[in-house]
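Source file work36.txt; content: compact mmCIF, C-alpha atoms.
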# COMPACT_ATOMS: atom_id res chain seq x y z
CA MET A 1 72.71 -75.81 49.57
CA SER A 2 76.40 -75.77 48.71
CA PRO A 3 77.88 -78.93 47.15
CA PRO A 4 79.86 -81.31 49.37
CA ALA A 5 83.50 -80.42 49.90
CA PRO A 6 85.94 -82.63 48.00
CA ALA A 7 87.13 -85.72 49.82
CA VAL A 8 90.48 -87.50 49.95
CA ALA A 9 90.57 -91.13 48.82
CA VAL A 10 92.43 -93.58 51.06
CA ILE A 11 93.51 -96.93 49.59
CA PRO A 12 95.40 -99.54 51.64
CA VAL A 13 97.52 -101.86 49.50
CA LYS A 14 99.13 -105.00 50.90
CA PRO A 15 102.32 -106.39 49.27
CA LEU A 16 101.36 -107.36 45.74
CA GLY A 17 102.99 -110.76 46.14
CA LYS A 18 100.48 -111.57 48.90
CA ALA A 19 97.40 -110.35 47.06
CA LEU A 20 94.37 -112.39 45.99
CA VAL A 21 95.47 -115.47 47.91
CA ARG A 22 91.99 -117.00 47.73
CA LEU A 23 92.48 -117.30 43.97
CA SER A 24 95.59 -119.47 44.40
CA ALA A 25 93.80 -122.67 43.36
CA ALA A 26 93.15 -121.20 39.92
CA LEU A 27 95.88 -118.58 39.44
CA ASP A 28 99.56 -118.81 40.31
CA ALA A 29 101.35 -116.10 42.24
CA PRO A 30 102.82 -114.13 39.30
CA VAL A 31 99.40 -113.96 37.63
CA ARG A 32 97.71 -112.86 40.86
CA ARG A 33 100.36 -110.20 41.40
CA GLU A 34 99.93 -108.74 37.91
CA LEU A 35 96.16 -108.86 38.17
CA GLN A 36 96.19 -107.04 41.51
CA ALA A 37 98.52 -104.39 40.08
CA ALA A 38 96.07 -103.88 37.21
CA MET A 39 93.08 -103.56 39.55
CA LEU A 40 95.00 -101.02 41.64
CA ALA A 41 95.73 -99.04 38.48
CA ASP A 42 92.03 -99.02 37.61
CA VAL A 43 91.02 -97.85 41.10
CA LEU A 44 93.62 -95.08 40.93
CA ALA A 45 92.40 -94.05 37.47
CA ALA A 46 88.84 -93.80 38.78
CA CYS A 47 90.04 -91.66 41.67
CA ALA A 48 91.97 -89.38 39.31
CA GLY A 49 88.87 -88.94 37.15
CA ALA A 50 86.46 -88.25 40.02
CA GLY A 51 85.57 -84.58 40.28
CA ARG A 52 84.73 -84.78 43.99
CA LEU A 53 88.10 -86.19 45.08
CA ALA A 54 90.82 -83.69 45.85
CA GLU A 55 93.62 -86.20 46.41
CA THR A 56 94.35 -89.91 46.63
CA VAL A 57 96.45 -91.41 49.43
CA VAL A 58 97.85 -94.92 49.02
CA VAL A 59 99.16 -96.66 52.13
CA THR A 60 101.62 -99.40 51.25
CA GLY A 61 105.00 -100.86 52.02
CA ASP A 62 105.29 -102.46 48.57
CA ALA A 63 107.73 -100.67 46.25
CA ASP A 64 105.90 -101.69 43.07
CA ALA A 65 102.50 -100.62 44.43
CA ALA A 66 104.04 -97.32 45.52
CA ALA A 67 105.44 -96.78 42.03
CA ILE A 68 102.02 -97.46 40.46
CA ALA A 69 100.43 -95.01 42.89
CA ARG A 70 102.95 -92.24 42.23
CA ALA A 71 102.63 -92.71 38.47
CA ALA A 72 98.89 -92.12 38.87
CA GLY A 73 99.48 -88.91 40.84
CA ALA A 74 98.67 -90.36 44.27
CA ARG A 75 100.47 -89.57 47.50
CA VAL A 76 102.13 -92.57 49.12
CA VAL A 77 102.14 -93.05 52.88
CA PRO A 78 104.45 -95.84 54.09
CA ASP A 79 102.67 -98.70 55.84
CA HIS A 80 103.77 -99.97 59.23
CA ALA A 81 106.88 -102.15 59.11
CA PRO A 82 106.17 -104.91 59.88
CA ARG A 83 102.60 -104.66 58.61
CA ARG A 84 99.79 -104.54 61.15
CA GLY A 85 96.99 -105.36 58.74
CA MET A 86 94.54 -103.50 56.53
CA ASN A 87 92.77 -101.53 59.25
CA ALA A 88 96.02 -100.20 60.70
CA ALA A 89 97.00 -99.12 57.17
CA VAL A 90 93.64 -97.39 56.68
CA ALA A 91 94.12 -95.57 59.98
CA LEU A 92 97.45 -94.23 58.71
CA GLY A 93 95.75 -92.98 55.57
CA LEU A 94 92.90 -91.37 57.47
CA GLY A 95 95.43 -89.63 59.70
CA ALA A 96 97.27 -88.34 56.66
CA ALA A 97 94.01 -87.07 55.15
CA ALA A 98 93.00 -85.31 58.36
CA GLY A 99 96.48 -83.91 58.81
CA GLY A 100 96.20 -82.32 55.38
CA GLY A 101 92.95 -80.61 56.33
CA ALA A 102 90.51 -82.95 54.57
CA GLU A 103 86.92 -82.70 55.76
CA ALA A 104 86.09 -86.20 54.49
CA ALA A 105 87.89 -89.36 53.44
CA LEU A 106 86.73 -92.07 51.04
CA VAL A 107 88.20 -95.46 52.02
CA LEU A 108 88.45 -97.89 49.10
CA THR A 109 89.81 -101.39 48.71
CA ALA A 110 92.32 -101.99 45.91
CA ASP A 111 90.35 -104.81 44.26
CA LEU A 112 87.41 -103.02 42.66
CA PRO A 113 87.80 -103.89 38.98
CA LEU A 114 84.53 -102.35 37.77
CA VAL A 115 84.87 -98.97 39.48
CA ARG A 116 84.26 -95.77 37.52
CA PRO A 117 84.83 -92.12 38.50
CA GLU A 118 81.09 -91.48 38.64
CA ASP A 119 80.71 -94.20 41.28
CA LEU A 120 83.15 -92.41 43.57
CA ASP A 121 81.52 -89.04 42.95
CA ALA A 122 78.16 -90.59 43.83
CA VAL A 123 79.48 -91.74 47.22
CA VAL A 124 80.81 -88.29 48.08
CA ALA A 125 77.63 -86.59 46.89
CA ALA A 126 75.42 -88.89 48.98
CA ALA A 127 77.25 -88.27 52.25
CA PRO A 128 75.18 -86.60 54.99
CA PRO A 129 76.64 -83.69 56.96
CA ALA A 130 79.25 -84.46 59.60
CA PRO A 131 79.48 -86.59 61.58
CA SER A 132 78.49 -89.27 59.11
CA ALA A 133 79.53 -92.51 57.45
CA THR A 134 78.39 -93.51 53.97
CA LEU A 135 78.83 -97.25 53.51
CA VAL A 136 78.84 -99.12 50.20
CA PRO A 137 78.18 -102.84 50.84
CA SER A 138 79.93 -105.67 49.06
CA ARG A 139 77.94 -107.86 46.69
CA ASP A 140 77.01 -110.33 49.45
CA GLY A 141 75.82 -107.50 51.70
CA THR A 142 78.24 -108.19 54.56
CA GLY A 143 81.46 -106.35 53.66
CA THR A 144 82.30 -102.68 53.18
CA ASN A 145 83.79 -101.97 49.75
CA ALA A 146 83.82 -98.19 50.14
CA MET A 147 83.31 -95.91 53.12
CA LEU A 148 83.01 -92.12 53.10
CA LEU A 149 83.82 -90.75 56.55
CA ARG A 150 82.97 -87.13 57.36
CA PRO A 151 85.22 -86.18 59.16
CA PRO A 152 87.97 -88.77 58.53
CA ALA A 153 87.94 -89.77 62.21
CA ALA A 154 84.17 -90.39 62.30
CA LEU A 155 84.72 -94.17 62.61
CA THR A 156 87.60 -96.49 63.39
CA PRO A 157 88.11 -98.73 60.34
CA GLN A 158 87.01 -102.34 60.84
CA LEU A 159 87.31 -103.79 57.36
CA GLY A 160 87.13 -107.55 56.93
CA PRO A 161 84.39 -110.20 57.21
CA ASP A 162 81.05 -108.76 58.41
CA SER A 163 82.51 -105.25 58.44
CA LEU A 164 79.25 -103.63 57.36
CA ALA A 165 77.54 -104.69 60.59
CA ARG A 166 80.53 -103.61 62.67
CA HIS A 167 80.74 -100.19 61.03
CA THR A 168 77.00 -99.70 61.44
CA ALA A 169 77.08 -100.65 65.13
CA GLN A 170 80.04 -98.40 65.76
CA ALA A 171 78.30 -95.48 64.07
CA LEU A 172 75.22 -96.01 66.25
CA ALA A 173 77.38 -96.03 69.38
CA ARG A 174 79.10 -92.81 68.33
CA ALA A 175 75.92 -91.02 67.18
CA VAL A 176 77.29 -90.90 63.63
CA ALA A 177 74.69 -90.71 60.86
CA VAL A 178 74.79 -93.70 58.50
CA CYS A 179 73.92 -93.77 54.81
CA ARG A 180 73.97 -97.13 53.01
CA LEU A 181 74.48 -96.74 49.30
CA GLY A 182 74.08 -99.63 46.87
CA LEU A 183 76.32 -99.20 43.83
CA PRO A 184 76.56 -102.33 41.65
CA ARG A 185 80.05 -101.67 40.27
CA LEU A 186 81.50 -100.82 43.67
CA ALA A 187 79.82 -103.89 45.14
CA VAL A 188 82.12 -106.20 43.16
CA ASP A 189 85.44 -106.88 44.87
CA VAL A 190 87.63 -109.90 44.20
CA ASP A 191 87.93 -112.52 46.93
CA THR A 192 87.05 -115.73 45.07
CA PRO A 193 87.20 -117.12 41.52
CA ALA A 194 83.45 -116.48 41.24
CA ASP A 195 84.02 -112.81 42.13
CA LEU A 196 86.68 -112.49 39.45
CA ALA A 197 84.53 -114.22 36.85
CA ALA A 198 81.70 -111.80 37.64
CA ALA A 199 84.08 -108.86 37.31
CA LEU A 200 85.33 -110.00 33.93
CA GLU A 201 81.74 -110.33 32.73
CA GLY A 202 81.23 -106.69 33.92
CA PRO A 203 83.18 -105.72 31.86
CA ALA A 204 86.18 -104.83 33.96
CA ALA A 205 87.88 -101.46 33.64
CA ALA A 206 90.71 -100.94 31.17
CA ALA A 207 93.83 -102.17 32.98
CA THR A 208 92.11 -105.17 34.55
CA ARG A 209 90.50 -106.15 31.26
CA ALA A 210 93.83 -105.90 29.41
CA ALA A 211 95.71 -107.88 32.07
CA ALA A 212 93.02 -110.57 32.20
CA ALA A 213 93.17 -110.99 28.43
CA ARG A 214 96.98 -111.06 28.34
CA LEU A 215 97.18 -113.57 31.19
CA ARG A 216 94.28 -115.71 29.83
CA VAL A 217 92.57 -115.43 33.18
CA ALA A 218 89.18 -116.62 31.95
CA GLU A 219 90.79 -119.81 30.59
CA ARG A 220 92.68 -120.36 33.85
CA LEU A 221 89.53 -119.90 35.89
CA GLY A 222 87.69 -122.39 33.72
CA ALA A 223 90.49 -124.93 34.10
CA GLY A 224 90.52 -124.36 37.84
CA SER A 225 86.78 -125.01 38.13
CA ALA A 226 87.27 -128.32 36.37
CA LEU A 227 89.84 -129.58 38.87

Structure encoded using structure tokens:
Amino acid sequence: MSPPAPAVAVIPVKPLGKALVRLSAALDAPVRRELQAAMLADVLAACAGAGRLAETVVVTGDADAAAIARAAGARVVPDHAPRRGMNAAVALGLGAAAGGGAEAALVLTADLPLVRPEDLDAVVAAAPPAPSATLVPSRDGTGTNAMLLRPPAALTPQLGPDSLARHTAQALARAVAVCRLGLPRLAVDVDTPADLAAALEGPAAAATRAAAARLRVAERLGAGSAL
């Protein structure tokens, strides 16, 4: 059997100034912005190092996020203006991937601080033949932290709370094969202070780890928990 064709990564990135809002009780806006930029850099580095990814597409309307993406060798697709949310941004990225001839697209969130290239290669390698969707659940088992769609239009993105169930139901309705893949590092995204603390115990990838140390994030989280 021939190996799976390379996929295109698709990463939606909201304005960095609006990132990680659920951490606002513990971290102020400049710290959250810098931390999100670092996590994006780590996700992009993992994509660049993954042998089964042919290209990375970042969908954003944020100039700083776009600059980080281009510096990492990613292609930037402008988000809707005004923004229509994460799923509309993902749809733009999937369209760009399909328009470039990609046979598969790997949708990733931008807050995966533990991700490694081998995790992304494992998702692509596990994908069944088309039409299929390979879903990587979040740590609590309800969200979708990564999603390999073969072809890119196999599912309509429905990221957000309880997205794993929605993607699974949609796949069933469309007769799309589903593969659920548990990958501990990809399961950790950052929504809450507890998520971030878990990521920093991971340990986090290089840029996130460096930013967290420079910004004294662990100390700030500890102070926040004591409030």

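Here the question is which of A:Val188, A:Thr156, A:Ala171, A:Arg116 gets nearest to Asp140 in chain A using all atoms listed in the file, and that residue is A:Val188.
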
Show me, as a ChimeraX atom specification, the residues that have an atom within 10 Å of Ala206 in chain A when counting only C-alpha atoms, minus same-chain residues fewer than 4 positions from it.
/A:38-39,41-42,45,113-114,210-212

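Closest approach to Val31 in chain A among A:Leu53, A:Arg216, A:Ala126, A:Ala96 is made by A:Arg216 (distances from all atoms listed in the file).
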
Give me, as a list in words, all polymer residues having an atom no more than 7 Å from Ala74 in chain A, counting all atoms listed in the file and skipping those fewer than 2 positions away in the same chain.
Glu55, Thr56, Val57, Val58, Ala69, Arg70, Ala72 and Val76 of chain A

Hey, can I get the axis-aligned box for range 81-87 of chain A? All listed atoms, 5 Å padding on each side, centre and edge lengths in Å to one decimal, as AutoDock Vina command-line options.
--center_x 99.8 --center_y -103.4 --center_z 58.8 --size_x 24.1 --size_y 13.8 --size_z 14.6

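The point (78.5, -87.6, 41.5) has these residues within 12 Å of it, counting all atoms listed in the file: Pro3, Pro4, Pro6, Gly49, Ala50, Gly51, Arg52, Leu53, Arg116, Pro117, Glu118, Asp119, Leu120, Asp121, Ala122, Val123, Val124, Ala125, Ala126 and Ala127 of chain A.
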
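Closest approach to Arg150 in chain A among A:Val107, A:Ala130, A:Leu196, A:Leu172 is made by A:Ala130 (distances from all atoms listed in the file).
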
So that I can look at just that part, could you write range 73-92 of chain A with N, CA and C atoms, as an mmCIF file, in the first residue's frame?
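The new file selection-v8.cif reads:
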data_model
loop_
_atom_site.group_PDB
_atom_site.id
_atom_site.type_symbol
_atom_site.label_atom_id
_atom_site.label_comp_id
_atom_site.auth_asym_id
_atom_site.auth_seq_id
_atom_site.Cartn_x
_atom_site.Cartn_y
_atom_site.Cartn_z
ATOM 1 N N GLY A 73 7.233 30.280 7.140
ATOM 2 C CA GLY A 73 7.080 29.664 5.828
ATOM 3 C C GLY A 73 5.656 29.295 5.471
ATOM 4 N N ALA A 74 4.679 29.772 6.250
ATOM 5 C CA ALA A 74 3.283 29.441 5.975
ATOM 6 C C ALA A 74 2.686 30.413 4.969
ATOM 7 N N ARG A 75 1.625 29.978 4.306
ATOM 8 C CA ARG A 75 0.862 30.843 3.423
ATOM 9 C C ARG A 75 -0.256 31.483 4.231
ATOM 10 N N VAL A 76 -0.459 32.765 4.068
ATOM 11 C CA VAL A 76 -1.487 33.483 4.810
ATOM 12 C C VAL A 76 -2.682 33.757 3.910
ATOM 13 N N VAL A 77 -3.857 33.375 4.398
ATOM 14 C CA VAL A 77 -5.116 33.673 3.728
ATOM 15 C C VAL A 77 -5.859 34.685 4.596
ATOM 16 N N PRO A 78 -6.231 35.843 4.058
ATOM 17 C CA PRO A 78 -6.925 36.837 4.876
ATOM 18 C C PRO A 78 -8.271 36.317 5.378
ATOM 19 N N ASP A 79 -8.555 36.580 6.637
ATOM 20 C CA ASP A 79 -9.837 36.216 7.220
ATOM 21 C C ASP A 79 -10.906 37.184 6.714
ATOM 22 N N HIS A 80 -12.169 36.796 6.933
ATOM 23 C CA HIS A 80 -13.260 37.703 6.604
ATOM 24 C C HIS A 80 -13.101 39.008 7.386
ATOM 25 N N ALA A 81 -13.509 40.099 6.806
ATOM 26 C CA ALA A 81 -13.502 41.395 7.492
ATOM 27 C C ALA A 81 -14.880 42.036 7.325
ATOM 28 N N PRO A 82 -15.647 42.143 8.412
ATOM 29 C CA PRO A 82 -15.328 41.729 9.784
ATOM 30 C C PRO A 82 -15.327 40.208 9.923
ATOM 31 N N ARG A 83 -14.701 39.742 11.003
ATOM 32 C CA ARG A 83 -14.588 38.309 11.252
ATOM 33 C C ARG A 83 -15.957 37.664 11.396
ATOM 34 N N ARG A 84 -16.050 36.416 10.950
ATOM 35 C CA ARG A 84 -17.287 35.649 11.073
ATOM 36 C C ARG A 84 -17.122 34.457 12.002
ATOM 37 N N GLY A 85 -15.997 34.409 12.719
ATOM 38 C CA GLY A 85 -15.775 33.325 13.657
ATOM 39 C C GLY A 85 -14.792 32.286 13.146
ATOM 40 N N MET A 86 -14.444 31.362 14.057
ATOM 41 C CA MET A 86 -13.423 30.372 13.749
ATOM 42 C C MET A 86 -13.815 29.449 12.602
ATOM 43 N N ASN A 87 -15.066 28.982 12.592
ATOM 44 C CA ASN A 87 -15.449 28.012 11.574
ATOM 45 C C ASN A 87 -15.478 28.625 10.183
ATOM 46 N N ALA A 88 -15.866 29.889 10.085
ATOM 47 C CA ALA A 88 -15.815 30.561 8.784
ATOM 48 C C ALA A 88 -14.371 30.714 8.329
ATOM 49 N N ALA A 89 -13.454 30.980 9.280
ATOM 50 C CA ALA A 89 -12.038 31.078 8.934
ATOM 51 C C ALA A 89 -11.497 29.728 8.465
ATOM 52 N N VAL A 90 -11.877 28.660 9.164
ATOM 53 C CA VAL A 90 -11.436 27.323 8.746
ATOM 54 C C VAL A 90 -11.939 27.009 7.343
ATOM 55 N N ALA A 91 -13.180 27.373 7.056
ATOM 56 C CA ALA A 91 -13.730 27.120 5.724
ATOM 57 C C ALA A 91 -12.914 27.826 4.645
ATOM 58 N N LEU A 92 -12.455 29.041 4.934
ATOM 59 C CA LEU A 92 -11.588 29.737 3.978
ATOM 60 C C LEU A 92 -10.298 28.950 3.751
#
